[in-house]
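Read the structure below first, then the notes.
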Amino acid sequence: MSLHHEVIIVGAGFGGLGAAIEFRRLGIDDIAILEREDDLGGTWHVNHYPGLAVDIASVTYSYSFEPNPYWSRLFAPGPELKRYATHIADKYDLKRHMEFGTAVAGAEWDDSRQRWTVRTADGTERTCRYLVTATGFLSQPHIPDFPGVDTFTGSILHTAAWDDSADLTGKRVAIIGTGATAVQLIPEAARVAKHLTVFQRTPIWVVPKVDFAIPKPVQRLFARVPLAQRAARLVNTSLLEMLMVFGVLHFRQARLGNMAAAMLAKMHLRAQVPDASLRRALTPDYDFGCKRPTFSNSYFPAFVRDNVTLETSGIGHLDTGAIVVGDGRRTEIDTLILATGFDLWDSNFPAFPVVGRDGVELGQWWRTERFQAYQGITVPRFPNLLSLNSPYSYSGLSYFTTIEGQMTHIGRLFEELRRRGASTFEVTEQANADFLGEVTDNLASSVFYRGNCASSRSYYFNHQGEAALLRPNSTLTTLRKMGNFPLDAYAYRNAPTV
Ligand code: NAP
């Protein structure tokens, strides 16, 4: 097995698959895809908790160039996404590039040879001309360090490390967290648990979910007339763009629209929860869009069940068989489920140490110089690095819009490299600074800075209080800019001949 490759991609989720498809389109076949898990699919391989489904309708949450006519529902269940990832890998013959169980521990740029050295957890070193990090935004589980957790004798599950043999039937269960994951899991757990206590720190905005099984004749229509599915995608994507992107980014101009979305969520809650004090406890006091809203018809009704309690007091500590809240009240439990999300800013930016030119370490640089990346993909002093999960890279609409824009960017950049007969690229300080200035200006009208987000505890914000995750552009603008960036935004060099 060769330990040098033209391209190393870290991560075999939809980002890594998309990048590999683009490199293959460019005629580059010497690709290694290193994946720490034992199979491909990223999020959709790792997550398999009960109730898992997409929360962006499947006609939109998929590659536009690979529509799947056979989604069983408008919001497909998680296992269908995993099957879709496998189908993509098979169709584009990507599996032969993949090495599973291979966790990357670090990468360093060698400027004299103009190549990356990539070290894996077992100490092996590989080299490559181009390094692509596709490690996801939500891939390092956040496990809070509750006092007394070591003394707890029941079982503890994080949603991103679900044990399929875990049976909640007849158990006293606690779920900590009320993010998008918990919104899916809570109704499932409520159905079977003897008693479920939900520990909520911050309520979430939940809007109605228009979901239904896609009838077989419609699936056949989508298969026979792809234009029909494209039209469905266009309609859904446009609606989502209004709700998730326009209303959030243009809060200053579209405040009424934002308030209408919050009103819709409140009416949804009112229709499903008769008790006023319970409704108050479930109502966010921050603006819609400060943190990612979610869609569900079964979340609120779960709290109306006799076997479900909403606990809003802060968690004090755990002891052998209970969670004890601040005022000393105990909730006896058998199973504790942590739906506590992911360490986005602490351990995902980047997911492992990446050392560029002049010994600069990416994570440290981001933390001292502000989080930034040109068009959310390249960074000055990190030649030949394509960092897919960078600040300002996420399109807000769907991860697939993000990756397709990045594929376009990679295509344009590599065609230019080829035209110049060059092999090394590096974004210029000026282009990067201009882009950072542009996103900073654009964000000034967003709900993040114009709205009331103080109490939202949103993972969109980093520790410096900057909302540095979403790219503040409409989806169309993002896609256009990814395909038309000025070619002199990059400096190009030839590799040494020795
Ligand atoms: P999340 O949104 O970060 O939610 C984590 C929850 O845990 C929050 O309610 C948080 O409360 C709570 N929490 C964390 N630490 C805590 C502590 N020490 N004490 C008490 N509560 C604590 O994570 P997530 O629900 O896993 O969702 C993450 C993202 O994954 C979503 O926004 C969405 O983008 C994605 N997702 C997508 C799908 C899909 O179908 N496509 C499904 C699920 C998730 P605070 O809010 O107070 O911090």
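Order determines the names: the first chain of the structure tokens is A, the second B, and so forth; residues in each chain are numbered 1 upward, and ligands are numbered 1 upward as they are shown.
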
Could the residues that lie within 9 Å of ligand 1, counting only C-alpha atoms and all ligand atoms, be listed as a ChimeraX atom specification? /A:43,47,52-57,61,75-78,137-138,141-146,159-160,176-184,199-204,291-294,314-315,338-344,398,455-459

Please provide the set of residues having any atom within 10 Å of Ala433 in chain A, restricted to only C-alpha atoms, with same-chain residues fewer than 3 positions apart removed, written as a count of residues only. 10

Which is closest to Ser296 in chain A among A:Lys209, A:Arg83, A:Arg224, A:Lys266, if we use only C-alpha atoms? A:Lys209

Please, which residues of range 181-248 of chain A, numbered as in this document, come out strand (DSSP E or B) from DSSP, as a PyMOL selection string? chain A and resi 195-199+206-207+213

So that I can check the surroundings of Leu310 in chain A, please list as a PyMOL selection string every protein, DNA and RNA residue that reaches within 7 Å of it, counting only C-alpha atoms and ignoring chain neighbours fewer than 5 positions away. chain A and resi 197-199+303

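Comparing A:Glu332, A:Asp93, A:Glu108, A:Glu426 by their smallest distance to Phe352 in chain A, the closest is A:Glu108 (using only C-alpha atoms).
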
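With only C-alpha atoms as the atoms that count, the minimum distance from Gly483 in chain A to the choices A:Val218, A:Ile410, A:Met98, A:Ile377 is reached by A:Ile410.
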
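Using only C-alpha atoms, the contacts of Ser64 in chain A at a cut-off of 9 Å, with sequence neighbours closer than 5 positions omitted, comprise A:Val59, A:Arg230, A:Arg233, A:Phe400, A:Thr401, A:Glu404.
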
Restricted to all heavy atoms, what would the selected residues look like written as a PDB file, in the first residue's frame?
ATOM      1  N   VAL A  59     -36.061  15.825  -0.536  1.00  0.00           N
ATOM      2  CA  VAL A  59     -35.863  16.316  -1.912  1.00  0.00           C
ATOM      3  C   VAL A  59     -34.773  17.395  -1.930  1.00  0.00           C
ATOM      4  O   VAL A  59     -34.095  17.598  -2.933  1.00  0.00           O
ATOM      5  CB  VAL A  59     -37.160  16.882  -2.548  1.00  0.00           C
ATOM      6  CG1 VAL A  59     -38.084  15.776  -2.966  1.00  0.00           C
ATOM      7  CG2 VAL A  59     -37.843  17.889  -1.647  1.00  0.00           C
ATOM      8  N   ARG A 230     -37.256  17.543  -9.550  1.00  0.00           N
ATOM      9  CA  ARG A 230     -36.551  18.834  -9.511  1.00  0.00           C
ATOM     10  C   ARG A 230     -37.485  19.963  -9.127  1.00  0.00           C
ATOM     11  O   ARG A 230     -37.128  20.871  -8.372  1.00  0.00           O
ATOM     12  CB  ARG A 230     -35.971  19.146 -10.878  1.00  0.00           C
ATOM     13  CG  ARG A 230     -34.511  18.844 -10.916  1.00  0.00           C
ATOM     14  CD  ARG A 230     -34.014  19.074 -12.295  1.00  0.00           C
ATOM     15  NE  ARG A 230     -33.025  18.070 -12.536  1.00  0.00           N
ATOM     16  CZ  ARG A 230     -31.894  18.302 -13.141  1.00  0.00           C
ATOM     17  NH1 ARG A 230     -31.643  19.474 -13.597  1.00  0.00           N
ATOM     18  NH2 ARG A 230     -31.026  17.348 -13.294  1.00  0.00           N
ATOM     19  N   ARG A 233     -38.103  19.815  -5.515  1.00  0.00           N
ATOM     20  CA  ARG A 233     -36.928  20.328  -4.804  1.00  0.00           C
ATOM     21  C   ARG A 233     -36.930  21.861  -4.794  1.00  0.00           C
ATOM     22  O   ARG A 233     -36.684  22.485  -3.764  1.00  0.00           O
ATOM     23  CB  ARG A 233     -35.645  19.792  -5.467  1.00  0.00           C
ATOM     24  CG  ARG A 233     -34.369  20.177  -4.748  1.00  0.00           C
ATOM     25  CD  ARG A 233     -33.129  19.643  -5.479  1.00  0.00           C
ATOM     26  NE  ARG A 233     -31.912  20.040  -4.802  1.00  0.00           N
ATOM     27  CZ  ARG A 233     -31.122  19.220  -4.095  1.00  0.00           C
ATOM     28  NH1 ARG A 233     -31.408  17.954  -3.994  1.00  0.00           N
ATOM     29  NH2 ARG A 233     -30.043  19.680  -3.509  1.00  0.00           N
ATOM     30  N   PHE A 400     -25.926  19.785   1.944  1.00  0.00           N
ATOM     31  CA  PHE A 400     -25.664  19.467   0.532  1.00  0.00           C
ATOM     32  C   PHE A 400     -25.434  20.735  -0.293  1.00  0.00           C
ATOM     33  O   PHE A 400     -24.662  20.724  -1.241  1.00  0.00           O
ATOM     34  CB  PHE A 400     -26.801  18.617  -0.046  1.00  0.00           C
ATOM     35  CG  PHE A 400     -26.743  17.206   0.446  1.00  0.00           C
ATOM     36  CD1 PHE A 400     -27.415  16.830   1.597  1.00  0.00           C
ATOM     37  CD2 PHE A 400     -25.966  16.263  -0.203  1.00  0.00           C
ATOM     38  CE1 PHE A 400     -27.334  15.534   2.085  1.00  0.00           C
ATOM     39  CE2 PHE A 400     -25.880  14.962   0.271  1.00  0.00           C
ATOM     40  CZ  PHE A 400     -26.561  14.599   1.418  1.00  0.00           C
ATOM     41  N   THR A 401     -26.111  21.822   0.060  1.00  0.00           N
ATOM     42  CA  THR A 401     -25.843  23.084  -0.640  1.00  0.00           C
ATOM     43  C   THR A 401     -24.412  23.510  -0.338  1.00  0.00           C
ATOM     44  O   THR A 401     -23.693  23.993  -1.210  1.00  0.00           O
ATOM     45  CB  THR A 401     -26.792  24.195  -0.128  1.00  0.00           C
ATOM     46  OG1 THR A 401     -28.047  23.635   0.162  1.00  0.00           O
ATOM     47  CG2 THR A 401     -26.905  25.308  -1.119  1.00  0.00           C
ATOM     48  N   GLU A 404     -21.968  21.189  -2.279  1.00  0.00           N
ATOM     49  CA  GLU A 404     -21.985  21.391  -3.737  1.00  0.00           C
ATOM     50  C   GLU A 404     -21.303  22.708  -4.122  1.00  0.00           C
ATOM     51  O   GLU A 404     -20.610  22.774  -5.135  1.00  0.00           O
ATOM     52  CB  GLU A 404     -23.418  21.321  -4.270  1.00  0.00           C
ATOM     53  CG  GLU A 404     -23.914  19.885  -4.268  1.00  0.00           C
ATOM     54  CD  GLU A 404     -25.226  19.705  -5.006  1.00  0.00           C
ATOM     55  OE1 GLU A 404     -25.485  20.426  -5.985  1.00  0.00           O
ATOM     56  OE2 GLU A 404     -25.997  18.824  -4.599  1.00  0.00           O
TER      57      GLU A 404
END

Residues within 12 Å of range 247-249 of chain A, only C-alpha atoms, excluding chain neighbours under 2 positions, as number ranges by chain: A: 239-245, 251-262, 287-293, 395-397, 439-453, 460, 467, 470-475

Using N, CA and C atoms, can you write the selected residues to a file as a compact mmCIF listing (two decimals), in the first residue's frame?
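Written file, part_29.txt:
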# COMPACT_ATOMS: atom_id res chain seq x y z
N LEU A 239 -39.03 27.50 -0.04
CA LEU A 239 -39.70 27.74 1.24
C LEU A 239 -38.70 27.75 2.39
N LEU A 240 -37.79 26.77 2.36
CA LEU A 240 -36.79 26.68 3.42
C LEU A 240 -35.87 27.89 3.41
N GLU A 241 -35.55 28.33 2.22
CA GLU A 241 -34.67 29.50 2.09
C GLU A 241 -35.31 30.71 2.79
N MET A 242 -36.63 30.85 2.60
CA MET A 242 -37.33 31.96 3.25
C MET A 242 -37.27 31.82 4.77
N LEU A 243 -37.50 30.59 5.25
CA LEU A 243 -37.62 30.36 6.70
C LEU A 243 -36.26 30.34 7.39
N MET A 244 -35.33 29.56 6.82
CA MET A 244 -34.07 29.28 7.53
C MET A 244 -32.94 30.23 7.15
N VAL A 245 -33.03 30.87 5.99
CA VAL A 245 -31.91 31.71 5.56
C VAL A 245 -32.32 33.18 5.53
N PHE A 251 -32.69 39.74 9.14
CA PHE A 251 -33.58 40.01 10.27
C PHE A 251 -33.98 41.49 10.30
N ARG A 252 -33.02 42.36 10.00
CA ARG A 252 -33.29 43.80 10.05
C ARG A 252 -34.40 44.16 9.06
N GLN A 253 -34.30 43.58 7.84
CA GLN A 253 -35.27 43.93 6.80
C GLN A 253 -36.53 43.07 6.90
N ALA A 254 -36.39 41.85 7.41
CA ALA A 254 -37.53 40.91 7.36
C ALA A 254 -37.99 40.54 8.77
N ARG A 255 -37.96 41.55 9.63
CA ARG A 255 -38.31 41.28 11.03
C ARG A 255 -39.72 40.69 11.16
N LEU A 256 -40.63 41.21 10.32
CA LEU A 256 -42.01 40.73 10.41
C LEU A 256 -42.09 39.25 10.05
N GLY A 257 -41.31 38.86 9.03
CA GLY A 257 -41.28 37.45 8.62
C GLY A 257 -40.74 36.59 9.75
N ASN A 258 -39.71 37.10 10.42
CA ASN A 258 -39.13 36.36 11.52
C ASN A 258 -40.15 36.21 12.65
N MET A 259 -40.87 37.30 12.92
CA MET A 259 -41.89 37.23 13.98
C MET A 259 -43.01 36.27 13.59
N ALA A 260 -43.32 36.22 12.27
CA ALA A 260 -44.38 35.31 11.82
C ALA A 260 -43.95 33.85 12.04
N ALA A 261 -42.67 33.57 11.83
CA ALA A 261 -42.18 32.19 12.06
C ALA A 261 -42.31 31.84 13.53
N ALA A 262 -41.95 32.81 14.41
CA ALA A 262 -42.07 32.57 15.86
C ALA A 262 -43.54 32.38 16.23
N ASP A 287 -34.92 35.16 20.01
CA ASP A 287 -35.57 35.27 18.70
C ASP A 287 -35.43 34.00 17.87
N PHE A 288 -36.44 33.79 17.03
CA PHE A 288 -36.44 32.65 16.11
C PHE A 288 -35.19 32.71 15.23
N GLY A 289 -34.46 31.60 15.15
CA GLY A 289 -33.29 31.55 14.26
C GLY A 289 -31.97 31.77 14.97
N CYS A 290 -32.01 32.22 16.26
CA CYS A 290 -30.73 32.39 16.98
C CYS A 290 -30.03 31.04 17.08
N LYS A 291 -30.82 30.02 17.33
CA LYS A 291 -30.27 28.66 17.26
C LYS A 291 -31.15 27.90 16.30
N ARG A 292 -30.67 26.79 15.85
CA ARG A 292 -31.36 26.12 14.75
C ARG A 292 -32.76 25.67 15.18
N PRO A 293 -33.82 26.21 14.51
CA PRO A 293 -35.17 25.74 14.83
C PRO A 293 -35.38 24.34 14.28
N SER A 395 -24.08 26.71 4.69
CA SER A 395 -25.00 27.55 3.93
C SER A 395 -26.31 27.84 4.67
N GLY A 396 -26.57 27.16 5.77
CA GLY A 396 -27.79 27.44 6.53
C GLY A 396 -28.99 26.69 6.00
N LEU A 397 -28.95 26.33 4.73
CA LEU A 397 -30.09 25.65 4.12
C LEU A 397 -29.95 24.13 4.32
N VAL A 439 -18.30 39.13 5.11
CA VAL A 439 -19.24 38.35 5.94
C VAL A 439 -19.56 39.09 7.24
N THR A 440 -18.57 39.78 7.76
CA THR A 440 -18.80 40.54 9.00
C THR A 440 -19.86 41.62 8.75
N ASP A 441 -19.72 42.31 7.61
CA ASP A 441 -20.71 43.35 7.27
C ASP A 441 -22.09 42.73 7.07
N ASN A 442 -22.13 41.65 6.30
CA ASN A 442 -23.43 41.03 6.02
C ASN A 442 -24.13 40.56 7.30
N LEU A 443 -23.33 40.05 8.23
CA LEU A 443 -23.94 39.51 9.45
C LEU A 443 -24.56 40.59 10.33
N ALA A 444 -24.17 41.83 10.06
CA ALA A 444 -24.68 42.91 10.91
C ALA A 444 -26.20 43.00 10.85
N SER A 445 -26.81 42.56 9.73
CA SER A 445 -28.28 42.62 9.64
C SER A 445 -28.95 41.35 10.13
N SER A 446 -28.16 40.38 10.56
CA SER A 446 -28.75 39.07 10.88
C SER A 446 -29.36 39.06 12.27
N VAL A 447 -30.15 38.03 12.51
CA VAL A 447 -30.76 37.88 13.84
C VAL A 447 -29.68 37.74 14.91
N PHE A 448 -28.50 37.25 14.50
CA PHE A 448 -27.46 37.00 15.49
C PHE A 448 -26.98 38.28 16.16
N TYR A 449 -26.96 39.38 15.38
CA TYR A 449 -26.49 40.65 15.94
C TYR A 449 -27.60 41.68 16.10
N ARG A 450 -28.67 41.54 15.33
CA ARG A 450 -29.77 42.48 15.41
C ARG A 450 -30.86 42.01 16.36
N GLY A 451 -30.92 40.70 16.54
CA GLY A 451 -32.00 40.14 17.33
C GLY A 451 -31.58 39.94 18.78
N ASN A 452 -32.46 39.27 19.51
CA ASN A 452 -32.16 38.97 20.91
C ASN A 452 -31.76 37.50 21.00
N CYS A 453 -30.46 37.27 21.05
CA CYS A 453 -29.96 35.89 21.10
C CYS A 453 -29.25 35.59 22.42
N TYR A 460 -24.27 28.25 17.03
CA TYR A 460 -23.85 29.11 15.92
C TYR A 460 -22.78 30.12 16.39
N ALA A 467 -20.95 34.88 15.51
CA ALA A 467 -21.75 33.85 14.82
C ALA A 467 -20.98 33.46 13.56
N LEU A 470 -22.45 30.17 10.00
CA LEU A 470 -23.24 30.31 8.77
C LEU A 470 -22.63 31.32 7.82
N ARG A 471 -22.65 31.00 6.55
CA ARG A 471 -22.23 31.97 5.55
C ARG A 471 -23.39 32.93 5.29
N PRO A 472 -23.20 34.20 5.54
CA PRO A 472 -24.34 35.12 5.44
C PRO A 472 -24.64 35.57 4.01
N ASN A 473 -25.01 34.64 3.19
CA ASN A 473 -25.42 34.91 1.80
C ASN A 473 -26.63 34.05 1.50
N SER A 474 -27.42 34.49 0.52
CA SER A 474 -28.47 33.60 0.06
C SER A 474 -27.80 32.38 -0.57
N THR A 475 -28.55 31.30 -0.69
CA THR A 475 -27.99 30.09 -1.28
C THR A 475 -27.52 30.36 -2.71

Among the residues A:Tyr63, A:His97, A:Phe382, A:Tyr392, the one that comes closest to Phe23 in chain A [using only C-alpha atoms]: A:His97

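Excluding range 269-284 of chain A itself and same-chain residues fewer than 2 positions from it, the residues having an atom within 7 Å of it are Pro203, Ile204, Trp205, Ala265, Lys266, Met267, Tyr286, Phe300, Pro301 and Val304 of chain A, counting only C-alpha atoms.
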
Distance query Leu388 in chain A at most 8 Å, only C-alpha atoms, self and fewer than 3 positions along chain excluded, as number ranges by chain: A: 15, 132-136, 376-377, 393, 403, 406

I need the residues of range 244-481 of chain A that end up classed as helix (DSSP H, G or I) by DSSP on the backbone, written out as a PyMOL selection string. chain A and resi 244-249+255-272+276-282+299-304+344-347+357-359+362-369+399-420+429-443+447-450+475-481

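Nearest-residue note for Ile186 in chain A: choosing from A:Ser423, A:Ser298, A:Ser139, A:Ser390, the minimum distance belongs to A:Ser298, counting only C-alpha atoms.
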
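Proximity ranking of A:Ala174, A:Val104, A:Ile88, A:Leu227 relative to Gly11 in chain A places A:Val104 first, based on only C-alpha atoms.
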
Computed gap from CA of Ala322 in chain A to CA of Thr153 in chain A is 9.0 Å
